[in-house]
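Have a look at the structure below, then the notes.
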Amino acid sequence: MTQQGEIDERALLKNSTAMRTTAESATPVSPVGPASEEESSNREERDRKSVRRHASDPFRTIHRWFRSLLHEEAERGSLFVATALLFAAGAFSYFALRGTFHPLQLAVISLPALFAALSYRGRFAGTFGAVVFAFICGTAVSAAHVAMRDHQTLGSPVATELTGRIQSSERLEDGRRRFVLDVLETARPALRYAPQTVRVTVRSVSDDLRAGNVVKVRMRLLPPSGPVRPGGFDFSFRAWFDGLGATGFAIGQMERIAGGPAPSLLHRARATINDLREGVDERIASVLDEPKAAIASALTVGYGAAIPDEEREALRASGLAHVLAISGLHMALAAGTVIGSIRLLLALFPVVAARWPIRKWAAGGGLAAASVYLLLSGGAIATQRSFIMLAIMLSALLFDRTALTMRNLALAMFLVVLIAPHEVAGPSFQMSFAATAALIAAYRAHNNWQWRRRAAGNDQISSGPVRLVGKFAAGVLATTLIAGAATTIFALWHFQRLAPLAPLGNLLAAPIISLLVMPMAVLSLLLMPLGLDAPFLKLMGEGIDAMLWIAAFVAELSPEDGAGLISGPAVLLLAAALGLFAILQTGLRWIALPLAIAGVALLGSGERPVGFILENGRAVGLSTGRGALASNRSRLSDFVGDQWMRALGTDRMAKPVKVENATSAIGSEPGGPEASGPSFKCDDRLCVYEPDGSRPIVWLKHAVDRAYWCDKAAIIIVGDTKTPKGGWCPASSESLVIDRMTLARQGSAALWRTNDGGWRITYAIADLSMPWHAARQWSRPARGLPDWEPRKRKTKDATTPQP
């Protein structure tokens, strides 16, 4: 039957084929005519569609592959981490672009992105809407923080008698103390717009002054300074968010007085914590010698102002400066020491260890210890990030949950930006999160590699002291290299310096820090209330001694580390590449590779300025082109000189040459023992510098001399503090004039050479729309007034008989 069926089917197929062939052959085909033209056009249209369909196949394949990877990334939780990064980027953009958006405006702008994120959930449009919404929310958070703060900032220097409540105090290297005071009253003169909080340095002070005491002192107050160069560290920005309206120094004795308004609950709590921190600092100073005491205080309570510059520089050059900032290493070691001690103590009682969850008890003790450490350390950004991540991990352990490390970092980033969005613009936030993200990504890749080895049966388990030491050394080296590579770009941007031998320094010092310094610090803090801390503090001091010796040894071997200014676009590209590579877990992470290559290629492409002018108009620094910085001042402050030389990529200072008449000395070679190539020639009224291929640059002590130099000098810098409005250049003058009024409003300036051999000037403060710069426009120099000087008191003649 089957065979007969197959024969019938074949016959039927044959007959149908023959009938179709006969019908087609019987159809009349006209060689010409409308039917044939229509048929040919249809055939051509079909051919074109076929070609387009085959041509689009690769793009469809790539599209499907891209969508599948995005779906996989979403399943692995990468979208949450990406939204955290975009949230922080939005906060950064507000400060970087000097945005003046109102939070309500940003909320309205974000509605379309929120609608797309909710409506197209699980699609590319929804993902894009989510990250855009996160970016705008970050910008809105920064705008809201700025709008909610209302701090009064001092406009001009002034001397006044201030009554205030001590908020905190910290000892300095030379024995002085630095106080933060909440201002209660000012007198002689009474300031109309007095700042709420000031920071003052006192040369000598009574030992019984504690946080919360009310004091009176005569002091010289100064407005928070701006950047010493465009793009440099802006102390006024930091001070405004910290609530500081002025800084200064005492010109009299600080005395404690009774009375004053009752402090609020928040002020009392803050004073209690700061009083405890000061007590720990004093206890450490009474047991250890300097500089060990200063470093121990930095590691325990966050007071590092007393560390000498020599030791600080050695730690930085050896790559150990991160030890001074309480971060993940310190928090993990502190909590780990407490957890290990609790578990070891409870393990001595087998009944308790068998019946009760001592692991959770130890985790709870570690969380409590980390909380106390956060309060004692002052709560810096790196410490907050470390505490949040550690708290999430220990809480997950308490509730029998698994903590995802990269998700922890994202959650920590969310919380830190919500609490203090201005920190996103600082090096601490950027370097801390960059190093942590890179380490987590590397650890994740290492775990995946080990899992594949175990699955293939290639994992050989072996143990022994040599192998353990090798693993520890490899781990320290890998950690240093990964974290160093992630933070290098930010170190170059903010500090223009590197630590080439940081891996060696960390490899040598890590065992001492992990096994001796930090455990002894934790034990000394725990035993300090009982008075049993001295032996542990001394052991900690021995570890610090060894760490300082390693730092000095490695710093001596390190080459020159100055790099100069680098390109801003290169920093953005490399930061984006780092973020993509850390967040993405599939093949999409290789999108970061071209960004990284482009960033590295652009590192040296940025234009570098020729010199800088300080915002008070008194100091000028110019690159000589021979590895030196020529200045009109014989002495620059260490901070200003260091900032200028690192930005220009120079390593030495060319001091000015004293001459009888600087005007007549133009065109002559500098001489004298202080001459070091091109340098300023100065007399009692002015200083002159002669750059190659340009008219001279002149700094004037008296503004009345300005008229003489119009059209004779390329740049005229007026540093007059007595009569700043004296002498003017006509509008048609070709000389660039920079006076104290302009500098007072727009901050320090940078000088640039143009392609045609001319000059252009950029300022550190583009506008005064931001509140931390608003007070500059009301300062005396900005209004063309001479500097304020205290009135001299009238004294009676000694020969006049007294009543």
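Labels for the structure tokens follow display order: chains A, B, ..., residues from 1 in each chain, ligands from 1.
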
Just want the 6 Å neighbourhood of stretch 582-586 of chain A, counted on only C-alpha atoms, with same-chain residues fewer than 2 positions away dropped. Output as a PyMOL selection string. chain A and resi 78+441+579-580+588-589

Which of stretch 256-387 of chain A end up as helix (DSSP H, G or I) when DSSP is run on this backbone - answer as a CSV table (one decimal) with C-alpha atoms, in the first residue's frame?
chain,number,residue,atom,x,y,z
A,265,LEU,CA,21.0,69.7,70.5
A,266,LEU,CA,22.9,69.3,67.3
A,267,HIS,CA,25.7,71.6,68.4
A,268,ARG,CA,25.9,69.8,71.7
A,269,ALA,CA,26.2,66.5,70.0
A,270,ARG,CA,28.9,67.8,67.6
A,271,ALA,CA,30.8,69.4,70.5
A,272,THR,CA,30.7,66.1,72.4
A,273,ILE,CA,32.1,64.1,69.5
A,274,ASN,CA,34.8,66.7,68.8
A,275,ASP,CA,35.8,66.9,72.5
A,276,LEU,CA,36.2,63.1,72.4
A,277,ARG,CA,38.4,63.3,69.3
A,278,GLU,CA,40.5,66.0,70.9
A,279,GLY,CA,40.9,63.8,74.0
A,280,VAL,CA,42.1,60.9,71.9
A,281,ASP,CA,44.5,63.2,70.0
A,282,GLU,CA,46.0,64.5,73.2
A,283,ARG,CA,46.4,61.1,74.7
A,284,ILE,CA,48.3,59.9,71.6
A,285,ALA,CA,50.5,63.0,71.8
A,286,SER,CA,51.3,62.3,75.4
A,287,VAL,CA,52.5,58.7,74.6
A,292,LYS,CA,54.6,59.4,65.0
A,293,ALA,CA,51.9,61.0,67.1
A,294,ALA,CA,50.6,63.2,64.3
A,295,ILE,CA,50.3,60.2,61.9
A,296,ALA,CA,48.7,58.1,64.6
A,297,SER,CA,46.1,60.8,65.2
A,298,ALA,CA,45.5,61.0,61.4
A,299,LEU,CA,44.8,57.2,61.4
A,300,THR,CA,42.5,57.2,64.4
A,309,ASP,CA,55.9,68.5,55.3
A,310,GLU,CA,58.9,66.2,54.9
A,311,GLU,CA,57.1,63.1,56.1
A,312,ARG,CA,54.0,64.0,54.1
A,313,GLU,CA,56.1,64.4,50.9
A,314,ALA,CA,57.9,61.1,51.5
A,315,LEU,CA,54.6,59.3,51.9
A,316,ARG,CA,53.2,60.9,48.8
A,317,ALA,CA,56.3,60.1,46.6
A,321,ALA,CA,49.7,59.0,51.1
A,322,HIS,CA,46.5,57.1,50.9
A,323,VAL,CA,47.3,55.7,54.4
A,324,LEU,CA,46.6,59.1,55.9
A,328,GLY,CA,38.3,51.3,52.9
A,329,LEU,CA,41.6,49.8,54.1
A,330,HIS,CA,41.3,51.3,57.6
A,331,MET,CA,37.6,50.7,57.9
A,332,ALA,CA,37.9,47.0,56.9
A,333,LEU,CA,40.9,46.5,59.2
A,334,ALA,CA,39.2,48.1,62.1
A,335,ALA,CA,36.0,46.2,61.7
A,336,GLY,CA,37.9,43.0,60.9
A,337,THR,CA,40.0,43.3,64.0
A,338,VAL,CA,36.8,43.5,66.2
A,339,ILE,CA,35.0,40.7,64.3
A,340,GLY,CA,38.0,38.4,64.6
A,341,SER,CA,38.5,39.2,68.3
A,342,ILE,CA,34.8,38.6,69.1
A,343,ARG,CA,34.8,35.3,67.2
A,344,LEU,CA,38.0,34.2,68.8
A,345,LEU,CA,36.7,35.1,72.3
A,346,LEU,CA,33.4,33.3,71.8
A,347,ALA,CA,35.1,30.2,70.3
A,350,PRO,CA,32.2,25.6,72.7
A,351,VAL,CA,28.6,25.5,74.1
A,352,VAL,CA,28.0,29.1,73.0
A,353,ALA,CA,29.7,28.6,69.7
A,354,ALA,CA,27.6,25.5,68.9
A,355,ARG,CA,24.2,26.8,70.0
A,358,ILE,CA,28.4,33.9,67.0
A,359,ARG,CA,29.2,34.8,63.4
A,360,LYS,CA,26.2,37.3,63.4
A,361,TRP,CA,27.2,38.5,66.8
A,362,ALA,CA,30.7,39.3,65.5
A,363,ALA,CA,29.2,41.0,62.4
A,364,GLY,CA,27.1,43.2,64.7
A,365,GLY,CA,30.1,44.1,66.8
A,366,GLY,CA,32.1,44.9,63.7
A,367,LEU,CA,29.3,47.2,62.5
A,368,ALA,CA,29.2,49.0,65.8
A,369,ALA,CA,33.0,49.4,65.7
A,370,ALA,CA,32.8,50.8,62.2
A,371,SER,CA,30.1,53.3,63.3
A,372,VAL,CA,32.2,54.5,66.2
A,373,TYR,CA,35.2,54.8,63.9
A,374,LEU,CA,33.2,56.9,61.4
A,375,LEU,CA,32.3,59.4,64.2
A,376,LEU,CA,35.8,59.5,65.6
A,377,SER,CA,37.5,60.0,62.2
A,381,ILE,CA,34.1,61.2,51.9
A,382,ALA,CA,36.3,58.2,51.6
A,383,THR,CA,35.3,57.1,55.1
A,384,GLN,CA,31.6,57.6,54.4
A,385,ARG,CA,31.9,55.5,51.2
A,386,SER,CA,33.8,52.7,53.1
A,387,PHE,CA,31.3,52.7,56.0

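Distance check against A:Ser68 using only C-alpha atoms: of A:Gly641, A:Gly587, A:Gly543, A:Gly231, the minimum falls on A:Gly587.
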
Can you pull out every residue within 8 Å of A:Ile136, counting only C-alpha atoms, but drop anything in the same chain fewer than 3 positions away, and send it as a PDB file with N, CA, C and O atoms, in the first residue's frame?
ATOM      1  N   PHE A  87      24.035  59.546  37.939  1.00  0.00           N
ATOM      2  CA  PHE A  87      23.563  60.423  39.018  1.00  0.00           C
ATOM      3  C   PHE A  87      24.708  61.300  39.533  1.00  0.00           C
ATOM      4  O   PHE A  87      24.551  62.520  39.697  1.00  0.00           O
ATOM      5  N   GLY A  90      25.740  63.846  36.840  1.00  0.00           N
ATOM      6  CA  GLY A  90      24.854  65.002  36.802  1.00  0.00           C
ATOM      7  C   GLY A  90      25.185  66.010  37.880  1.00  0.00           C
ATOM      8  O   GLY A  90      25.174  67.226  37.644  1.00  0.00           O
ATOM      9  N   LEU A 106      14.596  71.690  36.665  1.00  0.00           N
ATOM     10  CA  LEU A 106      15.190  70.394  36.343  1.00  0.00           C
ATOM     11  C   LEU A 106      14.178  69.262  36.518  1.00  0.00           C
ATOM     12  O   LEU A 106      14.197  68.286  35.768  1.00  0.00           O
ATOM     13  N   ALA A 107      13.282  69.399  37.492  1.00  0.00           N
ATOM     14  CA  ALA A 107      12.260  68.369  37.674  1.00  0.00           C
ATOM     15  C   ALA A 107      11.329  68.304  36.475  1.00  0.00           C
ATOM     16  O   ALA A 107      10.943  67.216  36.023  1.00  0.00           O
ATOM     17  N   ILE A 109      12.115  69.220  33.382  1.00  0.00           N
ATOM     18  CA  ILE A 109      12.885  68.702  32.251  1.00  0.00           C
ATOM     19  C   ILE A 109      13.010  67.183  32.323  1.00  0.00           C
ATOM     20  O   ILE A 109      13.052  66.488  31.294  1.00  0.00           O
ATOM     21  N   SER A 110      13.040  66.641  33.524  1.00  0.00           N
ATOM     22  CA  SER A 110      13.251  65.208  33.684  1.00  0.00           C
ATOM     23  C   SER A 110      12.003  64.381  33.431  1.00  0.00           C
ATOM     24  O   SER A 110      12.094  63.157  33.332  1.00  0.00           O
ATOM     25  N   VAL A 132      19.186  58.990  31.572  1.00  0.00           N
ATOM     26  CA  VAL A 132      19.009  60.439  31.425  1.00  0.00           C
ATOM     27  C   VAL A 132      18.293  61.008  32.643  1.00  0.00           C
ATOM     28  O   VAL A 132      18.651  62.086  33.146  1.00  0.00           O
ATOM     29  N   PHE A 133      17.290  60.300  33.129  1.00  0.00           N
ATOM     30  CA  PHE A 133      16.580  60.743  34.326  1.00  0.00           C
ATOM     31  C   PHE A 133      17.521  60.795  35.528  1.00  0.00           C
ATOM     32  O   PHE A 133      17.465  61.725  36.337  1.00  0.00           O
ATOM     33  N   THR A 139      21.847  66.492  38.811  1.00  0.00           N
ATOM     34  CA  THR A 139      21.961  67.946  38.662  1.00  0.00           C
ATOM     35  C   THR A 139      20.997  68.658  39.589  1.00  0.00           C
ATOM     36  O   THR A 139      21.339  69.677  40.207  1.00  0.00           O
ATOM     37  N   ALA A 140      19.770  68.125  39.702  1.00  0.00           N
ATOM     38  CA  ALA A 140      18.768  68.737  40.571  1.00  0.00           C
ATOM     39  C   ALA A 140      19.184  68.672  42.037  1.00  0.00           C
ATOM     40  O   ALA A 140      18.932  69.607  42.805  1.00  0.00           O
TER      41      ALA A 140
END

Would you mind reading off the distance between atom CA of A:Thr480 and atom CA of A:Ile512, one decimal, in Å?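 Distance between the two atoms: 15.5 Å.
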
I'd like the neighbourhood of A:Leu557 as a ChimeraX atom specification, where a residue qualifies if any of its atoms comes within 12 Å (using only C-alpha atoms), though same-chain residues fewer than 3 positions away should be ignored. /A:314,317-318,499-502,504-505,550-554,560-561

Pull N, CA, C and O atoms from the residues just selected and write them as a PDB file, in the first residue's frame.
ATOM      1  N   ALA A 314      57.322  62.443  51.668  1.00  0.00           N
ATOM      2  CA  ALA A 314      57.865  61.102  51.494  1.00  0.00           C
ATOM      3  C   ALA A 314      56.745  60.076  51.309  1.00  0.00           C
ATOM      4  O   ALA A 314      56.840  59.175  50.467  1.00  0.00           O
ATOM      5  N   ALA A 317      55.383  60.593  47.707  1.00  0.00           N
ATOM      6  CA  ALA A 317      56.277  60.125  46.648  1.00  0.00           C
ATOM      7  C   ALA A 317      56.380  58.606  46.608  1.00  0.00           C
ATOM      8  O   ALA A 317      56.629  58.025  45.553  1.00  0.00           O
ATOM      9  N   SER A 318      56.189  57.953  47.743  1.00  0.00           N
ATOM     10  CA  SER A 318      56.275  56.491  47.791  1.00  0.00           C
ATOM     11  C   SER A 318      54.941  55.806  47.549  1.00  0.00           C
ATOM     12  O   SER A 318      54.856  54.576  47.619  1.00  0.00           O
ATOM     13  N   ALA A 499      53.277  58.822  41.414  1.00  0.00           N
ATOM     14  CA  ALA A 499      54.161  58.074  42.308  1.00  0.00           C
ATOM     15  C   ALA A 499      54.621  56.839  41.554  1.00  0.00           C
ATOM     16  O   ALA A 499      53.979  55.774  41.646  1.00  0.00           O
ATOM     17  N   PRO A 500      55.718  56.919  40.788  1.00  0.00           N
ATOM     18  CA  PRO A 500      56.110  55.803  39.925  1.00  0.00           C
ATOM     19  C   PRO A 500      56.411  54.515  40.678  1.00  0.00           C
ATOM     20  O   PRO A 500      56.170  53.423  40.159  1.00  0.00           O
ATOM     21  N   LEU A 501      56.932  54.612  41.891  1.00  0.00           N
ATOM     22  CA  LEU A 501      57.292  53.415  42.653  1.00  0.00           C
ATOM     23  C   LEU A 501      56.272  53.083  43.735  1.00  0.00           C
ATOM     24  O   LEU A 501      56.613  52.457  44.738  1.00  0.00           O
ATOM     25  N   ALA A 502      55.018  53.480  43.513  1.00  0.00           N
ATOM     26  CA  ALA A 502      53.969  53.169  44.488  1.00  0.00           C
ATOM     27  C   ALA A 502      53.797  51.667  44.718  1.00  0.00           C
ATOM     28  O   ALA A 502      53.587  51.247  45.860  1.00  0.00           O
ATOM     29  N   LEU A 504      56.063  49.342  44.803  1.00  0.00           N
ATOM     30  CA  LEU A 504      57.112  48.911  45.719  1.00  0.00           C
ATOM     31  C   LEU A 504      56.824  49.380  47.142  1.00  0.00           C
ATOM     32  O   LEU A 504      56.955  48.611  48.103  1.00  0.00           O
ATOM     33  N   GLY A 505      56.415  50.637  47.288  1.00  0.00           N
ATOM     34  CA  GLY A 505      56.124  51.162  48.618  1.00  0.00           C
ATOM     35  C   GLY A 505      54.993  50.418  49.296  1.00  0.00           C
ATOM     36  O   GLY A 505      55.067  50.074  50.482  1.00  0.00           O
ATOM     37  N   ILE A 550      60.275  53.086  55.284  1.00  0.00           N
ATOM     38  CA  ILE A 550      60.006  52.566  53.937  1.00  0.00           C
ATOM     39  C   ILE A 550      59.651  53.706  52.994  1.00  0.00           C
ATOM     40  O   ILE A 550      60.111  53.746  51.840  1.00  0.00           O
ATOM     41  N   ALA A 551      58.843  54.643  53.477  1.00  0.00           N
ATOM     42  CA  ALA A 551      58.453  55.776  52.632  1.00  0.00           C
ATOM     43  C   ALA A 551      59.670  56.600  52.224  1.00  0.00           C
ATOM     44  O   ALA A 551      59.805  56.989  51.059  1.00  0.00           O
ATOM     45  N   ALA A 552      60.568  56.858  53.178  1.00  0.00           N
ATOM     46  CA  ALA A 552      61.765  57.631  52.853  1.00  0.00           C
ATOM     47  C   ALA A 552      62.673  56.871  51.892  1.00  0.00           C
ATOM     48  O   ALA A 552      63.253  57.452  50.965  1.00  0.00           O
ATOM     49  N   PHE A 553      62.781  55.565  52.079  1.00  0.00           N
ATOM     50  CA  PHE A 553      63.623  54.738  51.200  1.00  0.00           C
ATOM     51  C   PHE A 553      63.088  54.740  49.770  1.00  0.00           C
ATOM     52  O   PHE A 553      63.842  54.947  48.805  1.00  0.00           O
ATOM     53  N   VAL A 554      61.789  54.516  49.613  1.00  0.00           N
ATOM     54  CA  VAL A 554      61.204  54.474  48.272  1.00  0.00           C
ATOM     55  C   VAL A 554      61.213  55.854  47.635  1.00  0.00           C
ATOM     56  O   VAL A 554      61.453  55.998  46.427  1.00  0.00           O
ATOM     57  N   GLU A 560      61.842  62.012  39.213  1.00  0.00           N
ATOM     58  CA  GLU A 560      60.997  63.196  39.213  1.00  0.00           C
ATOM     59  C   GLU A 560      59.593  62.827  38.752  1.00  0.00           C
ATOM     60  O   GLU A 560      59.414  62.059  37.808  1.00  0.00           O
ATOM     61  N   ASP A 561      58.585  63.377  39.443  1.00  0.00           N
ATOM     62  CA  ASP A 561      57.223  62.944  39.182  1.00  0.00           C
ATOM     63  C   ASP A 561      56.320  64.048  38.662  1.00  0.00           C
ATOM     64  O   ASP A 561      55.116  63.877  38.586  1.00  0.00           O
TER      65      ASP A 561
END

Within 12 Å of stretch 769-782 of chain A, which residues of stretch 624-723 of chain A show up? Give each one with its shortest atom-to-atom distance in Å (one decimal) and the two atoms involved, counting only C-alpha atoms, rows by chain then rising residue number, as a tab-separated table.
residue	atom	partner	partner_atom	distance
A:Val718	CA	A:Pro781	CA	11.8
A:Gly719	CA	A:Pro781	CA	10.4
A:Asp720	CA	A:Pro781	CA	9.8
A:Thr721	CA	A:Pro781	CA	7.9
A:Lys722	CA	A:Pro781	CA	10.0
A:Thr723	CA	A:Pro781	CA	10.2

Work out how far atom CA of A:Ala396 is from atom CA of A:Arg444, in Å to one decimal.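 One can read the atom CA of A:Arg444 to atom CA of A:Ala396 distance as 19.0 Å.
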
Nearest to A:Ala570: which of A:Gly606, A:Gly470, A:Pro511, A:Pro535 is it, counting only C-alpha atoms?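 Looking only at the distances to A:Ala570, the closest residue turns out to be A:Gly606.
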